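Notes to accompany the following structure.
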Amino acid sequence: MPSTGTISATAASLLVVALPFLAFLIQAILGRKSQSGWVSILAISLSTIISGICVFAQVWNQPSQHSSITWFTIGEHSFQVGVLLNNLTVLMQLLVCIIALPVHIYSRAYMKGDPGIHRYWMYLSLFCFAMLGLTIADNLLMMYIFWELVGFASYLLIGFWFQKESAAQANKKAFIINRIGDLGFLLGIASIYSLYGSLNLVELFSQDGLFYSLPAGSTGWMTFTGFCFFLGAMAKSAQFPLHVWLPDAMEGPTAVSSIIHAATMVAAGVFLLSTVFPIFNDTVLLMIASIGTITAVISGYFALAQRDIKRILAFSTISQLGFMMVAIGVGAWDAAIFHLVTHAFFKCLLFLAAGAVIHEMVHFKEKHQLNIDPQDIQQMGGLRKYMPKTFVLMTIASLALAGFPLSSGFLSKDAILISTFEWGIQHGGMYLLIPIGLVFASLMTAFYIGRLIFKVFFGELRQDVSSVEIHEASSSMLWPMIFLGLCSLFFVFSWNPIAYHHSFVLEGFQLKYEFAEIHSLHLILPIGMTMCSILLWILGYQWYVKQKYPLQENSFLNRLSFNQGYLNEIYQRVIIQPVVSFSNGLYWFDRNIIDGIINASGSVVRGLGQASAWIDRNIVDGFVNGIAGSTYYLGHLLRWVQNGRLQNYLGFAFTVLLIGLLYLILK
């Protein structure tokens with residue numbers, strides 16, 4: 001297929017992908033000699049510059065560009081591999097680069113002195129290569145390959161500290177659950193190919209593409225196809241009930257959590273659904289919206305009682321991904337992408353700020369030889385006195401997460417909430433439960449992130465020590481956080497701080513929704529949500545700073561939230577233990593029945609063989625050897641008679657004569 005786009009943008013996008021892969025190879029060759037991370041930092045820096053100047057600037061709001069070559073041919077069918085550059089792909093590619101760069105810089109200080117630092121840089125470069133390749137792939141098969149590579153790289157990073165049993169279990173859990181989703185993705189690819197005979201995104205979804213020119217399959221078949229793709233996104237983007245791997249994935253380094261499990265990897269599912277959005281019928285869209293709502297609500301509830309600072313942020317990520325899924329389900333996938341972009345910045349900042357806090361708490365613990373968990377917010381308090389810059393930056397990110405005015409999160413979350421309400425009001429009835437559920441999830445978001453800020457930064461430090469040696473994070477950690485903090489404000493995305501329609505992201509897609517706009521919602525909903533958030537923060541201040549907490553710490557609701565609804569325990573008893581027991585049963589059956597039959601058969605055959613060997617050796621060979629021996633003996637006797645010696649002949653004659661005489665006498 002001839003190229004339909006400029007060579008420069010295509011070549012530049014390929015270079016953006018290739019640079020992290022080159023860094024991965026260099027570090028793999030250097031091994032322990034590469035510990036500074038400059039190879040990875042240089043590669044991702046160049047990728048960011050090239051992606052912004054040579055790719056994004058050329059393609060954004062311009063006609064899409066597509067270049068491909070023949071990959072392989074089977075019979076009459078040829079598969080192409082190429083690059084697809086449009087507003088969605090170049091935005092995602094630039095986002096991955098912009099998020100990865102501050103994380104790389106931050107990691108130099110955060111991971112300093114780690115004995116496995118050379119592996120860290122190698123894995124991080126591999127992950128960036130896989131994620132960047134996923135964003136610009138022009139066909140579903142190539143997307144699937146990079147999708148799998150992203151999962152493999154995340155497996156390595158989650159289990160980076162593999163000496164810890166919890167880390168080893170966490171990366172296995174993430175890997176296995178994501179394989180469930182990957183099976184769905186693979187079935188979706190097979191279904192699309194069986195229907196249209198192509199996996200090329202341009203051939204399928206362009207204005208005159210196969211999806212619009214060929215008759216679609218039956219409603220049931222299209223529902224199956226859509227559900228398969230959604231299943232892939234459910235696992236990768238941690239949607240209920242496949243979300244349980246993401247909180248455990250916090251066992252990796254905090255910098256890893258920020259780039260993979262908050263900003264890029266988990267957003268790959270949202271990107272996939274936006275890419276193949278035309279294949280979803282109303283049934284699948286309603287399913288996506290419903291699952292997204294359930295995920296947003298229960299994850300928000302689970303975050304309320306968590307004590308691990310990273311787990312709170314992990315459940316926050318799951319909840320926000322639920323918002324994005326709801327936006328896709330109601331047909332506003334542009335709002336989902338908008339929230340994906342804004343969420344990437346403030347969630348990455350939240351994780352990096354949490355990493356700075358954990359970093360200091362670890363040193364504080366070692367200094368005073370305390371028996372505390374450095375990630376437990378119950379062990380913190382009053383840190384704004386010692387880490388004021390981190391406090392300000394984390395507060396900015398928290399306000400953005402809660403959707404407070406003047407933040408980027410205010411714009412993108414309003415885009416989803418208002419669109420969902422407009423969709424729900426148009427459909428009426430039970431459909432309104434979806435926007436109402438998102439309202440509850442938003443209020444819980446404001447409360448639990450307020451609780452985190454109050455617990456960590458307000459009050460007094462909850463440790464009885466003579467001196468406090470906690471200080472601000474180093475400049476190499478602060479500057480990336482400052483950059484992310486600026487990107488968490490409204491002006492990066494829109495000149496209007498209260499109207500999301502002016503965002504350059506939404507203007508780049510310009511979707512026409514199937515539901516009517518309700519102008520009053522644009523005023524009532526933001527004001528109402530902001531006022532409710534402020535009231536919840538006042539309540540949280542009274543509870544967690546003034547210590548006027550009215551509930552029992554060990555109440556059922558608290559335990560239910562802290563234990564994540566006991567979903568892990570349910571999976572353990574309902575799925576894991578039966579599977580393990582069944583596997584043990586199969587192992588016993590194989591060892592005792594199958595192997596027993598085989599071993600018994602082998603023993604019988606060996607016995608028969610031994611008996612046959614004895615008969616052959618003693619009977620058959622004995623008879624044959626006896627005849628041979630007799631013949632040999634007779635021959636020996638005859639040879640002794642016919643030896644040419646006269647005395648022998650006389651002796652023989654005398655013997656014959658003697659025998660004859662005896663015969664005559666005895667007769």
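Every chain in the structure tokens has a letter given in the order shown (A, B, ...), and although residue numbers restart at 1 in each chain, ligands are simply numbered from 1 in the order shown.
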Produce a table with one row for each residue of segment 233-307 of chain A that has an atom at most 10 Å from any atom of segment 87-100 of chain A, each row naming the nearest atom pair and its distance in Å at one decimal; use only C-alpha atoms; arrange rows by chain and rising residue number; format as a Markdown table.
```
| residue | atom | partner | partner_atom | distance |
| --- | --- | --- | --- | --- |
| A:Ala255 | CA | A:Ala100 | CA | 9.8 |
| A:Val256 | CA | A:Ala100 | CA | 9.9 |
| A:Ser258 | CA | A:Ile99 | CA | 8.9 |
| A:Ile259 | CA | A:Ala100 | CA | 6.3 |
| A:Ile260 | CA | A:Ala100 | CA | 9.3 |
| A:Ala263 | CA | A:Ile99 | CA | 7.3 |
| A:Thr264 | CA | A:Val96 | CA | 6.3 |
| A:Met265 | CA | A:Val96 | CA | 9.4 |
| A:Ala267 | CA | A:Met92 | CA | 9.7 |
| A:Ala268 | CA | A:Met92 | CA | 9.4 |
| A:Phe271 | CA | A:Met92 | CA | 8.1 |
| A:Ser274 | CA | A:Leu88 | CA | 8.7 |
| A:Thr275 | CA | A:Leu88 | CA | 8.1 |
```
Can I get the selection written as an mmCIF file, in the first residue's frame, with N, CA, C and O atoms?
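Saved the output as result.cif:
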```
data_model
loop_
_atom_site.group_PDB
_atom_site.id
_atom_site.type_symbol
_atom_site.label_atom_id
_atom_site.label_comp_id
_atom_site.auth_asym_id
_atom_site.auth_seq_id
_atom_site.Cartn_x
_atom_site.Cartn_y
_atom_site.Cartn_z
ATOM 1 N N ALA A 255 7.858 5.168 41.528
ATOM 2 C CA ALA A 255 7.992 5.780 40.199
ATOM 3 C C ALA A 255 7.372 4.895 39.128
ATOM 4 O O ALA A 255 6.800 5.390 38.147
ATOM 5 N N VAL A 256 7.466 3.590 39.305
ATOM 6 C CA VAL A 256 6.824 2.647 38.382
ATOM 7 C C VAL A 256 5.316 2.790 38.465
ATOM 8 O O VAL A 256 4.608 2.813 37.448
ATOM 9 N N SER A 258 3.657 5.351 39.180
ATOM 10 C CA SER A 258 3.216 6.615 38.587
ATOM 11 C C SER A 258 3.098 6.524 37.072
ATOM 12 O O SER A 258 2.135 7.028 36.493
ATOM 13 N N ILE A 259 4.050 5.861 36.430
ATOM 14 C CA ILE A 259 4.039 5.844 34.964
ATOM 15 C C ILE A 259 3.161 4.737 34.402
ATOM 16 O O ILE A 259 2.479 4.910 33.394
ATOM 17 N N ILE A 260 3.134 3.589 35.068
ATOM 18 C CA ILE A 260 2.409 2.449 34.512
ATOM 19 C C ILE A 260 0.975 2.409 35.002
ATOM 20 O O ILE A 260 0.028 2.355 34.223
ATOM 21 N N ALA A 263 -0.844 6.395 34.665
ATOM 22 C CA ALA A 263 -0.828 7.311 33.537
ATOM 23 C C ALA A 263 -0.915 6.647 32.166
ATOM 24 O O ALA A 263 -1.580 7.164 31.281
ATOM 25 N N THR A 264 -0.267 5.535 31.960
ATOM 26 C CA THR A 264 -0.160 5.037 30.590
ATOM 27 C C THR A 264 -0.707 3.627 30.407
ATOM 28 O O THR A 264 -1.640 3.417 29.644
ATOM 29 N N MET A 265 -0.129 2.643 31.110
ATOM 30 C CA MET A 265 -0.539 1.259 30.846
ATOM 31 C C MET A 265 -2.029 1.062 31.053
ATOM 32 O O MET A 265 -2.722 0.517 30.190
ATOM 33 N N ALA A 267 -4.319 3.113 31.017
ATOM 34 C CA ALA A 267 -5.118 3.904 30.079
ATOM 35 C C ALA A 267 -5.173 3.272 28.696
ATOM 36 O O ALA A 267 -5.955 3.706 27.841
ATOM 37 N N ALA A 268 -4.364 2.216 28.462
ATOM 38 C CA ALA A 268 -4.350 1.569 27.147
ATOM 39 C C ALA A 268 -5.711 0.989 26.806
ATOM 40 O O ALA A 268 -6.107 0.961 25.632
ATOM 41 N N PHE A 271 -7.829 3.751 25.452
ATOM 42 C CA PHE A 271 -7.352 4.062 24.102
ATOM 43 C C PHE A 271 -7.851 3.023 23.100
ATOM 44 O O PHE A 271 -8.286 3.367 21.988
ATOM 45 N N SER A 274 -11.589 3.511 22.400
ATOM 46 C CA SER A 274 -11.804 4.704 21.582
ATOM 47 C C SER A 274 -11.417 4.446 20.131
ATOM 48 O O SER A 274 -12.056 4.952 19.206
ATOM 49 N N THR A 275 -10.384 3.622 19.934
ATOM 50 C CA THR A 275 -9.922 3.318 18.577
ATOM 51 C C THR A 275 -10.950 2.490 17.811
ATOM 52 O O THR A 275 -11.194 2.726 16.624
#
```
Within 12 Å of Leu246 of chain A using only C-alpha atoms, minus same-chain residues under 4 positions, as JSON, numbers by chain: {"A": [154, 155, 158, 170, 171, 172, 173, 174, 175, 177, 178, 234, 235, 236, 237, 238, 239, 240, 241, 242, 250, 251, 252, 257, 260, 261, 262, 265, 266, 299, 310, 311, 312, 313, 314, 315, 316, 317, 318, 319, 321]}
Determine, using only C-alpha atoms, which residues of segment 481-583 of chain A have any atom at most 12 Å from an atom of segment 394-402 of chain A, and tabulate each with its shortest atom pair and distance in Å to one decimal place, rows ordered by chain and then rising number, as CSV.
```
residue,atom,partner,partner_atom,distance
A:Met481,CA,A:Met394,CA,8.8
A:Ile482,CA,A:Met394,CA,10.0
A:Phe483,CA,A:Ala397,CA,11.6
A:Leu484,CA,A:Ala397,CA,8.6
A:Gly485,CA,A:Ile396,CA,6.5
A:Leu486,CA,A:Ile396,CA,8.9
A:Cys487,CA,A:Ala397,CA,9.6
A:Ser488,CA,A:Ala397,CA,6.5
A:Leu489,CA,A:Ala400,CA,7.6
A:Phe490,CA,A:Ala400,CA,9.2
A:Pro526,CA,A:Ala402,CA,11.6
A:Met529,CA,A:Ala402,CA,9.4
A:Thr530,CA,A:Ala402,CA,8.8
A:Met531,CA,A:Ala402,CA,11.7
A:Cys532,CA,A:Ala402,CA,10.8
A:Ser533,CA,A:Ala402,CA,7.6
A:Ile534,CA,A:Ala402,CA,10.1
A:Leu536,CA,A:Ala402,CA,11.0
A:Trp537,CA,A:Ala402,CA,10.6
```
Please identify all polymer residues within 12 Å of Val362 of chain A, counting only C-alpha atoms, omitting same-chain residues fewer than 3 positions from it, and present them as a JSON list (two decimals) with C-alpha atoms, in the first residue's frame.
```json
[["chain", "number", "residue", "atom", "x", "y", "z"],
["A", 110, "TYR", "CA", 14.36, 8.05, 44.10],
["A", 355, "GLY", "CA", 6.98, 8.64, 46.71],
["A", 356, "ALA", "CA", 8.73, 11.67, 48.17],
["A", 357, "VAL", "CA", 6.81, 11.22, 51.43],
["A", 358, "ILE", "CA", 7.58, 7.49, 51.55],
["A", 359, "HIS", "CA", 11.24, 8.20, 50.75],
["A", 365, "LYS", "CA", 12.21, 4.93, 60.28],
["A", 366, "GLU", "CA", 15.81, 3.80, 59.81],
["A", 367, "LYS", "CA", 17.19, 6.81, 61.71],
["A", 368, "HIS", "CA", 15.09, 6.15, 64.81],
["A", 369, "GLN", "CA", 14.83, 2.36, 64.35],
["A", 370, "LEU", "CA", 11.04, 2.50, 64.45],
["A", 371, "ASN", "CA", 8.75, -0.43, 63.85],
["A", 372, "ILE", "CA", 6.36, 1.34, 61.47],
["A", 373, "ASP", "CA", 5.10, 0.99, 57.92],
["A", 374, "PRO", "CA", 6.49, 4.03, 56.02],
["A", 375, "GLN", "CA", 3.49, 3.91, 53.66],
["A", 376, "ASP", "CA", 0.84, 3.93, 56.41],
["A", 379, "GLN", "CA", 1.91, 6.79, 61.05],
["A", 380, "MET", "CA", 2.33, 10.22, 59.45],
["A", 469, "GLU", "CA", 14.94, 14.69, 60.56],
["A", 470, "ILE", "CA", 12.35, 14.82, 57.77]]
```
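Compared by their closest atoms to Ala43 of chain A, and using only C-alpha atoms, the residues A:Phe21, A:Phe280, A:Trp479, A:Trp60 rank with A:Phe21 nearest.
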Which polymer residues have any atom within 12 Å of an atom of Leu567 of chain A, counting only C-alpha atoms, with same-chain residues fewer than 5 positions away left out, as a list of chain:residue names? A:Phe240, A:Pro241, A:Leu242, A:His243, A:Val244, A:Trp245, A:Ile298, A:Ser299, A:Phe302, A:Leu560, A:Ser561, A:Phe562, A:Gln572, A:Arg573, A:Val574, A:Ile575
Please dump the current selection as a PDB file, in the first residue's frame; keep C-alpha atoms.
```
ATOM      1  CA  PHE A 240     -14.722  -4.618  38.008  1.00  0.00           C
ATOM      2  CA  PRO A 241     -14.418  -7.549  38.545  1.00  0.00           C
ATOM      3  CA  LEU A 242     -10.914  -7.747  37.023  1.00  0.00           C
ATOM      4  CA  HIS A 243      -9.605  -4.755  38.974  1.00  0.00           C
ATOM      5  CA  VAL A 244      -8.080  -6.676  41.883  1.00  0.00           C
ATOM      6  CA  TRP A 245      -4.571  -6.788  40.401  1.00  0.00           C
ATOM      7  CA  ILE A 298     -16.950   0.539  44.585  1.00  0.00           C
ATOM      8  CA  SER A 299     -13.349   1.700  44.072  1.00  0.00           C
ATOM      9  CA  PHE A 302     -12.743   0.913  48.956  1.00  0.00           C
ATOM     10  CA  LEU A 560     -15.706  -3.868  54.236  1.00  0.00           C
ATOM     11  CA  SER A 561     -13.929  -0.874  52.719  1.00  0.00           C
ATOM     12  CA  PHE A 562     -10.495  -1.756  54.112  1.00  0.00           C
ATOM     13  CA  GLN A 572      -9.541 -17.216  46.735  1.00  0.00           C
ATOM     14  CA  ARG A 573     -12.350 -19.479  47.940  1.00  0.00           C
ATOM     15  CA  VAL A 574     -14.567 -19.596  44.866  1.00  0.00           C
ATOM     16  CA  ILE A 575     -11.979 -19.717  42.096  1.00  0.00           C
TER      17      ILE A 575
END
```
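Distance-wise, atom CA of Ile176 of chain A and atom CA of Asp248 of chain A end up 12.9 Å apart.
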Within 12 Å of segment 179-191 of chain A, counting only C-alpha atoms, which residues show up once you throw out same-chain ones fewer than 5 positions away? Write them as number ranges by chain, please. A: 139-152, 155, 172-174, 196-201, 216-217, 221-239, 241-243, 245, 269, 272-273, 276, 279-280
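For Phe457 of chain A, the list of residues within 8 Å, based on only C-alpha atoms and with local chain neighbours fewer than 2 positions off taken out, reads Met380, Gly381, Gly382, Leu383, Arg384, Lys385, Phe391, Ile453, Phe454, Lys455 and Gly459 of chain A.
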What residues in segment 151-279 of chain A get the DSSP label alpha helix (DSSP H)? Please answer as a PyMOL selection string. chain A and resi 151-158+165-196+201-205+210-213+219-236+245-248+254-260+268-275
Pick out each residue of segment 11-183 of chain A that DSSP on the backbone tags as strand (DSSP E); I need them as a list in words. Gln65, His66, Ser67, Ser68, Ile69, Thr70, Trp71, Phe72, Thr73, Ile74, His77, Ser78, Phe79, Gln80, Val81, Gly82, Val83, Leu84 and Leu85 of chain A
Shell around segment 12-14 of chain A at 12 Å using only C-alpha atoms, local window under 2 positions removed, as a ChimeraX atom specification: /A:6-10,16-21,46-59,65-68,82-86,89-94,97,129,132-137
